[in-house]
Amino acid sequence: MDDNGDADAFVYDEVSGEWVQAGAASAVDTDAVIVRDSVGNVLADGDQVTLIKDLTVKGAGQTLKRGTLIKSIRLTGDAQEIDCRYDGIKGLVLRAEFVRKR
């Protein structure tokens with residue numbers, strides 16, 4: 001209870017998964033873009049993803065096969081695009097709808 005005799009109110013923060021005091025300032029940026037994969041998992045920088053379908057890479061003359069593992073992704077600020085590194089392809093950007101978090 002606080003000085004007024006009222007019980008402290010807590011609010012569940014969905015981003016951090018923790019209960020925080022209602023009056024406490026949230027450390028979460030409200031303007032942050034949430035990127036989700038094809039099945040709805042939230043993606044973050046450094047995650048590993050797997051391709052869910054064959055993708056032809058424009059300009060590289062190469063096709064990435066279904067099941068290909070992409071390591072250490074980076075979020076671009078767009079809700080549907082992720083920046084990736086893959087051997088032999090520079091500047092690879094994939095749509096989040098074609099990947100699944102590993």
# chains A, B, ... in the order shown; residues from 1 in each chain; ligands from 1
>>> select_by_dssp(residues="chain A", states="strand (DSSP E or B)", output="JSON, numbers by chain")
{"A": [10, 11, 12, 13, 18, 19, 20, 21, 35, 36, 42, 43, 49, 50, 51, 55, 56, 57, 62, 63, 64, 69, 70, 74, 75, 81, 82, 83, 84, 85, 86, 89, 90, 91, 92, 93, 94, 95, 99, 100, 101]}
>>> residues_around(residues="Leu55 of chain A", least_positions_apart="4", cutoff="7 Å", atoms="only C-alpha atoms", output="short mmCIF file (atom, residue, chain, number, x, y, z; two decimals) with N, CA and C atoms, in the first residue's frame")
data_model
loop_
_atom_site.label_atom_id
_atom_site.label_comp_id
_atom_site.auth_asym_id
_atom_site.auth_seq_id
_atom_site.Cartn_x
_atom_site.Cartn_y
_atom_site.Cartn_z
N THR A 63 18.77 -18.85 -56.71
CA THR A 63 17.52 -19.15 -56.02
C THR A 63 17.85 -19.69 -54.64
N LEU A 64 17.24 -19.10 -53.62
CA LEU A 64 17.37 -19.61 -52.26
C LEU A 64 16.26 -20.63 -52.04
N LYS A 65 16.64 -21.82 -51.66
CA LYS A 65 15.69 -22.93 -51.52
C LYS A 65 14.96 -22.89 -50.18
#
>>> residues_around(residues="Gly40 of chain A", least_positions_apart="4", cutoff="9 Å", atoms="only C-alpha atoms", output="list in words")
Val35, Arg36 and Arg100 of chain A
>>> atom_distance(atom1="atom CA of Ile89 of chain A", atom2="atom CA of Leu43 of chain A")
21.7 Å
>>> closest_residue(among="A:Thr68, A:Gln21, A:Ser16, A:Thr50", to="Ala96 of chain A", atoms="only C-alpha atoms")
A:Thr50
>>> closest_residue(among="A:Val42, A:Ile34, A:Glu81, A:Thr76", to="Phe98 of chain A", atoms="only C-alpha atoms")
A:Glu81
>>> residues_around(residues="Asp87 of chain A", least_positions_apart="6", cutoff="12 Å", atoms="only C-alpha atoms", output="list in words")
Ala60, Gln62, Leu64, Thr68, Leu69, Ile70 and Lys71 of chain A
>>> residues_around(residues="Asp45 of chain A", least_positions_apart="3", cutoff="10 Å", atoms="only C-alpha atoms", output="short mmCIF file (atom, residue, chain, number, x, y, z; two decimals) with N, CA, C and O atoms, in the first residue's frame")
data_model
loop_
_atom_site.label_atom_id
_atom_site.label_comp_id
_atom_site.auth_asym_id
_atom_site.auth_seq_id
_atom_site.Cartn_x
_atom_site.Cartn_y
_atom_site.Cartn_z
N GLN A 48 17.75 -16.07 -35.97
CA GLN A 48 17.95 -16.96 -37.12
C GLN A 48 16.58 -17.28 -37.68
O GLN A 48 15.64 -17.53 -36.94
N SER A 72 21.62 -14.34 -38.13
CA SER A 72 21.88 -12.97 -37.72
C SER A 72 21.19 -11.92 -38.60
O SER A 72 21.84 -11.16 -39.30
N ILE A 73 19.88 -11.88 -38.54
CA ILE A 73 19.12 -10.89 -39.30
C ILE A 73 19.18 -9.53 -38.61
O ILE A 73 19.53 -9.44 -37.43
N ARG A 74 18.84 -8.50 -39.37
CA ARG A 74 18.73 -7.14 -38.82
C ARG A 74 17.39 -6.56 -39.25
O ARG A 74 16.97 -6.73 -40.39
N LEU A 75 16.74 -5.86 -38.35
CA LEU A 75 15.48 -5.21 -38.67
C LEU A 75 15.77 -3.88 -39.35
O LEU A 75 16.73 -3.20 -39.01
N THR A 76 14.94 -3.51 -40.32
CA THR A 76 15.19 -2.31 -41.11
C THR A 76 14.35 -1.12 -40.69
O THR A 76 14.56 -0.03 -41.18
N ILE A 82 13.39 -7.45 -43.68
CA ILE A 82 14.53 -7.75 -42.81
C ILE A 82 15.79 -7.80 -43.67
O ILE A 82 15.76 -8.26 -44.80
N ASP A 83 16.88 -7.29 -43.12
CA ASP A 83 18.17 -7.27 -43.81
C ASP A 83 18.91 -8.53 -43.41
O ASP A 83 18.96 -8.90 -42.24
#
>>> atom_distance(atom1="atom CA of Glu18 of chain A", atom2="atom CA of Ala44 of chain A")
18.2 Å
>>> atom_distance(atom1="atom CA of Val57 of chain A", atom2="atom CA of Glu97 of chain A")
15.5 Å
>>> decode(residues="segment 56-100 of chain A", atoms="N, CA and C atoms", output="tab-separated table (two decimals), in the first residue's frame")
chain	number	residue	atom	x	y	z
A	56	THR	N	13.59	-16.55	-55.68
A	56	THR	CA	14.55	-16.15	-56.69
A	56	THR	C	15.07	-14.77	-56.31
A	57	VAL	N	16.39	-14.64	-56.21
A	57	VAL	CA	17.00	-13.38	-55.81
A	57	VAL	C	17.28	-12.56	-57.06
A	58	LYS	N	16.61	-11.42	-57.16
A	58	LYS	CA	16.81	-10.55	-58.32
A	58	LYS	C	18.22	-9.98	-58.33
A	59	GLY	N	18.86	-9.98	-59.50
A	59	GLY	CA	20.19	-9.41	-59.65
A	59	GLY	C	21.32	-10.34	-59.28
A	60	ALA	N	21.03	-11.44	-58.60
A	60	ALA	CA	22.07	-12.37	-58.20
A	60	ALA	C	22.07	-13.62	-59.06
A	61	GLY	N	20.98	-13.85	-59.78
A	61	GLY	CA	20.89	-15.04	-60.61
A	61	GLY	C	20.96	-16.32	-59.79
A	62	GLN	N	20.38	-16.27	-58.61
A	62	GLN	CA	20.45	-17.39	-57.69
A	62	GLN	C	19.08	-17.60	-57.05
A	63	THR	N	18.77	-18.85	-56.71
A	63	THR	CA	17.52	-19.15	-56.02
A	63	THR	C	17.85	-19.69	-54.64
A	64	LEU	N	17.24	-19.10	-53.62
A	64	LEU	CA	17.37	-19.61	-52.26
A	64	LEU	C	16.26	-20.63	-52.04
A	65	LYS	N	16.64	-21.82	-51.66
A	65	LYS	CA	15.69	-22.93	-51.52
A	65	LYS	C	14.96	-22.89	-50.18
A	66	ARG	N	13.78	-23.48	-50.18
A	66	ARG	CA	13.00	-23.62	-48.97
A	66	ARG	C	13.82	-24.37	-47.93
A	67	GLY	N	13.80	-23.90	-46.68
A	67	GLY	CA	14.56	-24.53	-45.61
A	67	GLY	C	15.93	-23.93	-45.41
A	68	THR	N	16.34	-22.97	-46.26
A	68	THR	CA	17.64	-22.32	-46.11
A	68	THR	C	17.67	-21.53	-44.80
A	69	LEU	N	18.73	-21.71	-44.02
A	69	LEU	CA	18.89	-21.01	-42.76
A	69	LEU	C	19.61	-19.69	-42.99
A	70	ILE	N	19.02	-18.62	-42.53
A	70	ILE	CA	19.63	-17.28	-42.58
A	70	ILE	C	19.95	-16.89	-41.15
A	71	LYS	N	21.23	-16.61	-40.88
A	71	LYS	CA	21.67	-16.28	-39.53
A	71	LYS	C	21.81	-14.78	-39.35
A	72	SER	N	21.62	-14.34	-38.13
A	72	SER	CA	21.88	-12.97	-37.72
A	72	SER	C	21.19	-11.92	-38.60
A	73	ILE	N	19.88	-11.88	-38.54
A	73	ILE	CA	19.12	-10.89	-39.30
A	73	ILE	C	19.18	-9.53	-38.61
A	74	ARG	N	18.84	-8.50	-39.37
A	74	ARG	CA	18.73	-7.14	-38.82
A	74	ARG	C	17.39	-6.56	-39.25
A	75	LEU	N	16.74	-5.86	-38.35
A	75	LEU	CA	15.48	-5.21	-38.67
A	75	LEU	C	15.77	-3.88	-39.35
A	76	THR	N	14.94	-3.51	-40.32
A	76	THR	CA	15.19	-2.31	-41.11
A	76	THR	C	14.35	-1.12	-40.69
A	77	GLY	N	13.36	-1.32	-39.83
A	77	GLY	CA	12.44	-0.25	-39.48
A	77	GLY	C	11.14	-0.37	-40.24
A	78	ASP	N	11.11	-1.22	-41.26
A	78	ASP	CA	9.89	-1.52	-42.00
A	78	ASP	C	9.30	-2.80	-41.39
A	79	ALA	N	8.00	-2.82	-41.21
A	79	ALA	CA	7.35	-3.96	-40.56
A	79	ALA	C	7.42	-5.25	-41.36
A	80	GLN	N	7.76	-5.18	-42.66
A	80	GLN	CA	7.78	-6.39	-43.48
A	80	GLN	C	9.13	-6.71	-44.10
A	81	GLU	N	10.17	-5.95	-43.84
A	81	GLU	CA	11.47	-6.20	-44.45
A	81	GLU	C	12.53	-6.47	-43.39
A	82	ILE	N	13.39	-7.45	-43.68
A	82	ILE	CA	14.53	-7.75	-42.81
A	82	ILE	C	15.79	-7.80	-43.67
A	83	ASP	N	16.88	-7.29	-43.12
A	83	ASP	CA	18.17	-7.27	-43.81
A	83	ASP	C	18.91	-8.53	-43.41
A	84	CYS	N	19.48	-9.22	-44.39
A	84	CYS	CA	20.12	-10.52	-44.15
A	84	CYS	C	21.50	-10.57	-44.78
A	85	ARG	N	22.30	-11.50	-44.30
A	85	ARG	CA	23.59	-11.80	-44.91
A	85	ARG	C	23.54	-13.25	-45.36
A	86	TYR	N	23.98	-13.48	-46.59
A	86	TYR	CA	24.03	-14.82	-47.12
A	86	TYR	C	25.24	-14.90	-48.05
A	87	ASP	N	25.94	-16.02	-48.04
A	87	ASP	CA	27.14	-16.18	-48.86
A	87	ASP	C	26.86	-15.91	-50.33
A	88	GLY	N	27.63	-15.03	-50.92
A	88	GLY	CA	27.52	-14.75	-52.35
A	88	GLY	C	26.48	-13.72	-52.72
A	89	ILE	N	25.70	-13.23	-51.76
A	89	ILE	CA	24.67	-12.23	-52.06
A	89	ILE	C	24.86	-11.05	-51.12
A	90	LYS	N	25.14	-9.89	-51.70
A	90	LYS	CA	25.30	-8.68	-50.90
A	90	LYS	C	23.99	-7.92	-50.86
A	91	GLY	N	23.68	-7.33	-49.71
A	91	GLY	CA	22.49	-6.49	-49.60
A	91	GLY	C	21.18	-7.25	-49.73
A	92	LEU	N	21.11	-8.43	-49.19
A	92	LEU	CA	19.91	-9.24	-49.28
A	92	LEU	C	18.85	-8.73	-48.31
A	93	VAL	N	17.68	-8.40	-48.84
A	93	VAL	CA	16.54	-7.98	-48.04
A	93	VAL	C	15.39	-8.93	-48.33
A	94	LEU	N	14.86	-9.53	-47.26
A	94	LEU	CA	13.76	-10.48	-47.41
A	94	LEU	C	12.49	-9.94	-46.78
A	95	ARG	N	11.37	-10.38	-47.31
A	95	ARG	CA	10.07	-10.04	-46.72
A	95	ARG	C	9.83	-10.99	-45.55
A	96	ALA	N	9.33	-10.46	-44.45
A	96	ALA	CA	9.11	-11.25	-43.25
A	96	ALA	C	8.07	-12.35	-43.47
A	97	GLU	N	7.20	-12.18	-44.45
A	97	GLU	CA	6.15	-13.18	-44.70
A	97	GLU	C	6.71	-14.47	-45.28
A	98	PHE	N	7.97	-14.48	-45.74
A	98	PHE	CA	8.58	-15.66	-46.33
A	98	PHE	C	9.57	-16.37	-45.42
A	99	VAL	N	9.62	-15.98	-44.14
A	99	VAL	CA	10.55	-16.60	-43.21
A	99	VAL	C	9.83	-17.05	-41.95
A	100	ARG	N	10.44	-17.99	-41.25
A	100	ARG	CA	9.94	-18.47	-39.97
A	100	ARG	C	11.09	-18.45	-38.97
